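In what follows, a structure is listed as structure tokens, so that the remarks can point back to it.
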Amino acid sequence: MLLLRGAGAGTGAGQGRNSTAAKSGQRLTTTLGTAKDSQGPAPEIPGARKGGTVTVANQADFPHLDPQKIYAGERYSTSLLWGRQLTQYQIVDGRPRLVGDLATDTGTSSDGGRTWTYRLKDGIAWEDGKPVTAQQVKYGIERTFAPGFEIGPTYWQPWLTGTKDLTEAVKKYGGPKKDGDLKAIETPDDKTIVFHFPQPQSDVPYMAAQSSSSPVREDKDTDTGYDVKPFATGPYRIVEHKQNQSLTLERNPYWKPETDSIRHAYPDRFEFTFGKEALNTAQEVFNGQGAGATTLTTKDKLPPELISTVERDPAKRELVVSGSQGAYTQDLYIRNDRVTDPEVRKAIHYLFPREQARQVLGGRYAGDFATTLSSPAVVGWKKYDLYPVAPAGDIAKAKEHLARAKTKVTKLTYAYPTESPADDQVAQVLADAFGKAGIKLVLKGLQPGAFNDQVFGGEDSPYDLFLSTNSVDWPTPSTLLPLGYESHLDAVSNTIRYGNPQVDKELARIAKIGDAGKKAEELIGLEETVMKDVPVVPFLYRSISQFRGEKIGGAAIHPIYGVTALANVYVKNS
Amino acid sequence: MAAVSKVDAFRRDRVGVVSFCVVGFFVLLALAAPLVSAVYGKNPTEHYGQNGVGLLSPEGLPLLPNGGVSAEHWFGIEPGLGRDVLAQLLYGIRTSLLIAVTSAAVVAVVGVVVGVAVGYLSGLADRAFTFVCNVLLAFPSLLFLLTLGPVIQTRFVAPDENEPAWMQFAVLILVFSAFGWVPLAMVLRTVVRSLREREFVEAARALGASRRHIVFRELLPNVWAPVLVHITLTVPAMVTTEAALSFLGVGVNEPIPDWGRMISRGAEVFYDDPTYMVFPGASLLVFVLAFNLLGDAVRDALDPHTVR
């Protein structure tokens with residue numbers, strides 16, 4: 001589960017009818033592209049031109065650039081400028097399509113999903129001109145087993161070793177430096193890579209798009225140095241990276257557009273600057289001061305202080321880049337082992353003041369009301385609304401369910417990270433609503449670090465409810481229920497301690513399905529069974545609003561990664 | 001006789017009388033807050049803007065101009081939650097005054113007892129006193145308070161309970177008192193030291209008066225003037241300190257109304273709703289200014305040496 005850390009969602013307020021807030025949770029289901037779609041170059045954007053320098057101003061530097069350590073939507077998106085993976089999402093008219101990136105297609109499976117074969121394209125090269133080989137892709141994936149790489153996604157390791165989790169997987173194979181060659185990946189020649197999985201795996205094409213499926217050259221693997229300045233295969237190479245100050249990208253002369261159907265690479269240079277407050281950057285961008293006209297941001301959000309200014313001024317409203325924040329959803333999580341009575345959870349579902357809570361989070365800027373557990377961006381998503389309720393909440397209905405509860409509940413605890421003032425306000429909103437239903441809500445504001453440790457770290461913390469924004473790792477349902485709602489999982493995965501024997505049985509059956517389409521369909525079907533128990537209360541399909549200078553063209557929110565996609569931007573003619 | 005002439009002197013000070021009236025008005029409002037808000041028809045905790053229609057925009061800003069000032073909500077409503085600003089302000093005075101006055105009372109008692117005792121005793125007690133005062137004066141009290149909050153939270157509050165209101169108040173009052181008595185005691189020590197050598201004390205001692213008699217009957221009546229001056233200047237200082245602490249998030253927590261927290265919220269929404277900053281800011285300014293002017297007037301009236 002991809003946690004949204006540091007997302008205070010502090011969007012405050014705004015006026016006016018013509019809101020720039022985008023519709024979130026659009027049905028942006030990813031489709032699998034064909035081998036033809038995987039051939040470069042990327043479809044031209046009308047009006048785009050080559051040349052110019054784009055400044056990317058982010059308040060914080062990237063904690064990691066090592067492809068096997070990158071694990072966040074924003075970094076996935078930005079690292080596309082210099083890094084390439086086996087597969088990747090091609091964006092055409094705002095719709096994502098998974099296509100082959102280094103590989104010629106999204107992979108072919110055989111043996112009921114136990115074997116996956118990829119062929120590398122011709123003409124793919126490193127920034128020094130040497131070709132990218134299958135062995136280097138294999139080496140990259142082998143690295144994920146090594147100590148220090150557990151901060152990346154943990155799918156390749158158990159899949160390739162046929163184990164339950166990472167801890168057991170690394171016992172079988174401990175990385176290329178310790179255990180040498182990983183038998184489960186075969187490279188019969190420089191162009192072919194074959195994965196052998198002990199169990200059927202249907203989501204390999206999506207995992208192949210994660211940054212940890214990037215090739216790494218053994219002679220360039222300088223460990224910590226590689227984390228600061230990785231070696232490029234994409235359209236740009238890193239010239240200089242001064243940590244927490246700047247990152248400069250220049251064209252990689254050995255990248256060939258005809259091998260790449262994803263990246264446009266219009267600008268000549270990208271200059272990243274770090275350390276400036278989001279509010280200052282936003283003001284420079286909106287007023288076109290300094291490099292403001294050619295500046296954009298991939299990390300900073302539209303500051304709440306500027307929302308009403310932006311809403312009033314159509315010229316500034318143009319500069320806001322809004323969209324659905326990938327597959328991120330924000331939900332009210334209930335600890336099912338603490339609030340055991342489904343009637344009480346139903347009561348919480350009814351009394352939850354969605355509208356009031358969203359208002360303090362920035363109204364439409366925060367997102368659209370959710371009724372489902374998974375995001376509409378997920379493959380196979382179906383709208384359902386098991387217990388319809390008005391957005392303002394229904395206290396009378398909540399009281400009915402509370403009266404039906406076996407044990408009377410008079411007190412519940414709500415934990416939240418104190419990242420932004422909006423978090424405190426949401427807590428007040430909830431306390432108000434719970435109070436009206438006769439439940440005293442104890443509010444526990446925690447330091448963000450402590451909150452993550454206590455709530456997501458598997459500790460037995462004494463909190464009943466918490467609001468959290470999460471995303472599946474890739475837009476299929478296969479990581480949501482099996483990795484979060486199975487009763488035998490540890491408390492780190494099954495944060496809410498949900499358990500339903502019927503669901504367990506179904507999950508065990510679905511795990512054996514090798515066909516991706518069928519698996520997705522079954523899992524989405526199972527979701528309603530889970531949600532009948534009200535383990536969580538769906539709240540929002542999150543939106544995101546960022547900003548770009550007036551001379552930046554092609555800026556849009558990446559439908560999967562949920563930030564402004566750099567691979568498509570260009571500098572407009574002045 | 002003397003007391004009457006001092007009251008007359010105070011009465012002649014027009015600024016003093018006005019500030020006295022202003023302070024009296026605030027105190028009255030604090031005492032009668034439930035009554036006033038009942039007449040006004042609003043309470044400080046209800047989320048009017050969120051639960052009512054046509055008060056807040058979808059993004060949480062007051063729809064009416066000037067922060068939602070209307071016949072219904074005289075000082076407007078709070079952006080976000082939409083609570084009534086006037087009701088919050090009224091109850092906020094209670095919070096400020098309760099903490100400031102209680103701390104000032106503790107400071108007065110401790111300061112007088114310690115200051116007078118040490119001034120009279122001198123010797124070892126005096127040296128010990130000076131050392132303790134120096135330590136306390138050097139103590140980073142603000143940082144201490146910033147760190148104390150979480151410690152108390154984890155040590156004394158059950159993880160599934162809120163910190164009770166009395167505990168939040170008690171901590172602030174304790175810390176304010178613990179550091180607040182020092183300047184008063186030091187002033188009194190000096191005053192008492194000079195009084196001790198005066199003829200009337202010598203005379204009392206020569207007549208065989210007990211220590212107790214000398215301290216309570218001879219010395220104490222002569223120090224009430226500096227005590228009164230000190231207290232009237234301490235209260236506004238504590239009001240601002242409490243507001244500053246709440247601004248920093250270590251003062252009084254939601255949902256207890258508090259001026260410092262209102263100002264902090266005002267700073268957050270200043271771009272969009274500057275009016276929200278005006279009411280708590282102006283109230284705090286007027287209140288502290290009036291109290292300070294009152295303190296000056298009291299000092300002028302009590303101290304015959306000051307010539308205006």
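We label chains A, B, ... in the order they appear in the structure tokens, count residues from 1 in each chain, and number ligands from 1 in the order shown.
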
Practice item. Define the interface residues of chain A facing chain B as those within 9 Å, counting only C-alpha atoms, and report them as a ChimeraX atom specification. Key: /A:11-16,304-309,355-356,358-365,392,412-414,421-422,424-426,428-429,432,442-444,461-463

The selected residues should be written to file as a CSV table (one decimal), in the first residue's frame (atoms: C-alpha atoms).
chain,number,residue,atom,x,y,z
A,11,THR,CA,-6.1,23.3,0.9
A,12,GLY,CA,-8.1,26.0,2.6
A,13,ALA,CA,-10.7,28.0,0.9
A,14,GLY,CA,-11.9,29.6,-2.3
A,15,GLN,CA,-14.8,31.3,-3.9
A,16,GLY,CA,-16.5,31.5,-7.2
A,304,PRO,CA,-4.5,27.3,0.3
A,305,GLU,CA,-3.7,31.0,0.8
A,306,LEU,CA,-3.8,31.5,-2.9
A,307,ILE,CA,-7.0,29.6,-3.8
A,308,SER,CA,-9.3,32.6,-3.6
A,309,THR,CA,-6.9,34.8,-5.5
A,355,GLU,CA,-19.3,17.4,3.5
A,356,GLN,CA,-18.2,19.3,6.5
A,358,ARG,CA,-14.2,18.1,3.0
A,359,GLN,CA,-15.1,21.7,3.4
A,360,VAL,CA,-12.2,22.3,5.9
A,361,LEU,CA,-9.9,20.3,3.6
A,362,GLY,CA,-10.6,22.7,0.7
A,363,GLY,CA,-13.9,21.6,-0.7
A,364,ARG,CA,-13.8,20.5,-4.3
A,365,TYR,CA,-10.1,20.9,-4.3
A,392,ALA,CA,-23.7,15.9,5.6
A,412,LEU,CA,-14.1,6.4,20.7
A,413,THR,CA,-10.6,7.7,20.0
A,414,TYR,CA,-9.6,9.4,16.7
A,421,PRO,CA,-4.3,23.2,10.6
A,422,ALA,CA,-6.9,21.5,8.4
A,424,ASP,CA,-7.1,19.8,13.6
A,425,GLN,CA,-10.3,21.2,12.0
A,426,VAL,CA,-11.3,17.8,10.6
A,428,GLN,CA,-13.2,19.1,15.5
A,429,VAL,CA,-15.8,18.4,12.7
A,432,ASP,CA,-19.0,17.6,16.7
A,442,VAL,CA,-11.4,11.6,22.0
A,443,LEU,CA,-9.1,13.5,19.7
A,444,LYS,CA,-5.4,12.5,19.6
A,461,SER,CA,-2.1,1.5,19.5
A,462,PRO,CA,-5.3,2.5,21.5
A,463,TYR,CA,-6.9,4.4,18.6

**Study point:** Contacts of Lys505 of chain A at 12 Å (only C-alpha atoms; same-chain gap of 4+ positions) as a VMD selection string
**Key:** chain A and resid 482 485 to 488 499 to 501 509 to 512 526

**Study point:** Close residues, Ala209 of chain A itself excluded, 8 Å, only C-alpha atoms, min 3 positions apart in chain, as a list in words
**Key:**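 Once the nearby chain positions are removed, what remains is Gln85, Leu86, Thr87, Gln88, Tyr89, Pro205, Tyr206 and Ser213 of chain A.
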
For the residues selected in the previous step, produce a file with C-alpha atoms as a compact mmCIF listing (two decimals), in the first residue's frame.
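Saved to out_16.txt:
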# COMPACT_ATOMS: atom_id res chain seq x y z
CA GLN A 85 11.74 0.40 -17.07
CA LEU A 86 10.56 -2.75 -18.80
CA THR A 87 7.07 -1.27 -19.20
CA GLN A 88 5.60 2.17 -18.60
CA TYR A 89 2.38 4.17 -18.85
CA PRO A 205 3.28 -6.05 -16.53
CA TYR A 206 2.41 -3.48 -13.84
CA SER A 213 12.27 -2.74 -12.68

Point to revise | Who sits within 8 Å of Leu540 of chain A, only C-alpha atoms, same chain under 6 positions skipped, as a ChimeraX atom specification | key: /A:329-331,366-370

Practice item. Tell me which protein, DNA and RNA residues are within 12 Å of Met531 of chain A, counting only C-alpha atoms, leaving out same-chain ones fewer than 6 positions away, and put them as a list in words. Key: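 What passes the distance filter is Pro342, Arg345, Lys346, His349, Thr371, Thr372, Leu373, Ser374, Tyr384, Asp385, Leu386, Tyr387, Leu481, Tyr485, Tyr498, Gly499, Asn500, Val503, Ile524, Gly525, Val537 and Pro538 of chain A.
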
Output file for the selection above: C-alpha atoms, as a short mmCIF file (atom, residue, chain, number, x, y, z; two decimals), in the first residue's frame:
data_model
loop_
_atom_site.label_atom_id
_atom_site.label_comp_id
_atom_site.auth_asym_id
_atom_site.auth_seq_id
_atom_site.Cartn_x
_atom_site.Cartn_y
_atom_site.Cartn_z
CA PRO A 342 -20.76 -4.01 12.62
CA ARG A 345 -19.30 0.71 12.28
CA LYS A 346 -22.47 1.26 10.28
CA HIS A 349 -20.63 5.33 8.32
CA THR A 371 -18.62 5.35 -2.05
CA THR A 372 -16.23 2.52 -2.93
CA LEU A 373 -13.11 1.15 -1.35
CA SER A 374 -11.01 1.23 -4.50
CA TYR A 384 -21.51 0.78 -5.75
CA ASP A 385 -23.04 2.52 -2.77
CA LEU A 386 -24.00 -0.08 -0.19
CA TYR A 387 -25.31 2.28 2.48
CA LEU A 481 -7.77 -6.83 -0.74
CA TYR A 485 -7.93 -7.37 4.17
CA TYR A 498 -10.15 -6.87 9.36
CA GLY A 499 -11.06 -10.51 9.32
CA ASN A 500 -13.87 -12.41 7.63
CA VAL A 503 -13.38 -13.29 2.46
CA ILE A 524 -13.74 -6.12 -7.53
CA GLY A 525 -16.71 -8.42 -6.97
CA VAL A 537 -15.79 4.47 5.64
CA PRO A 538 -15.05 5.72 2.10
#
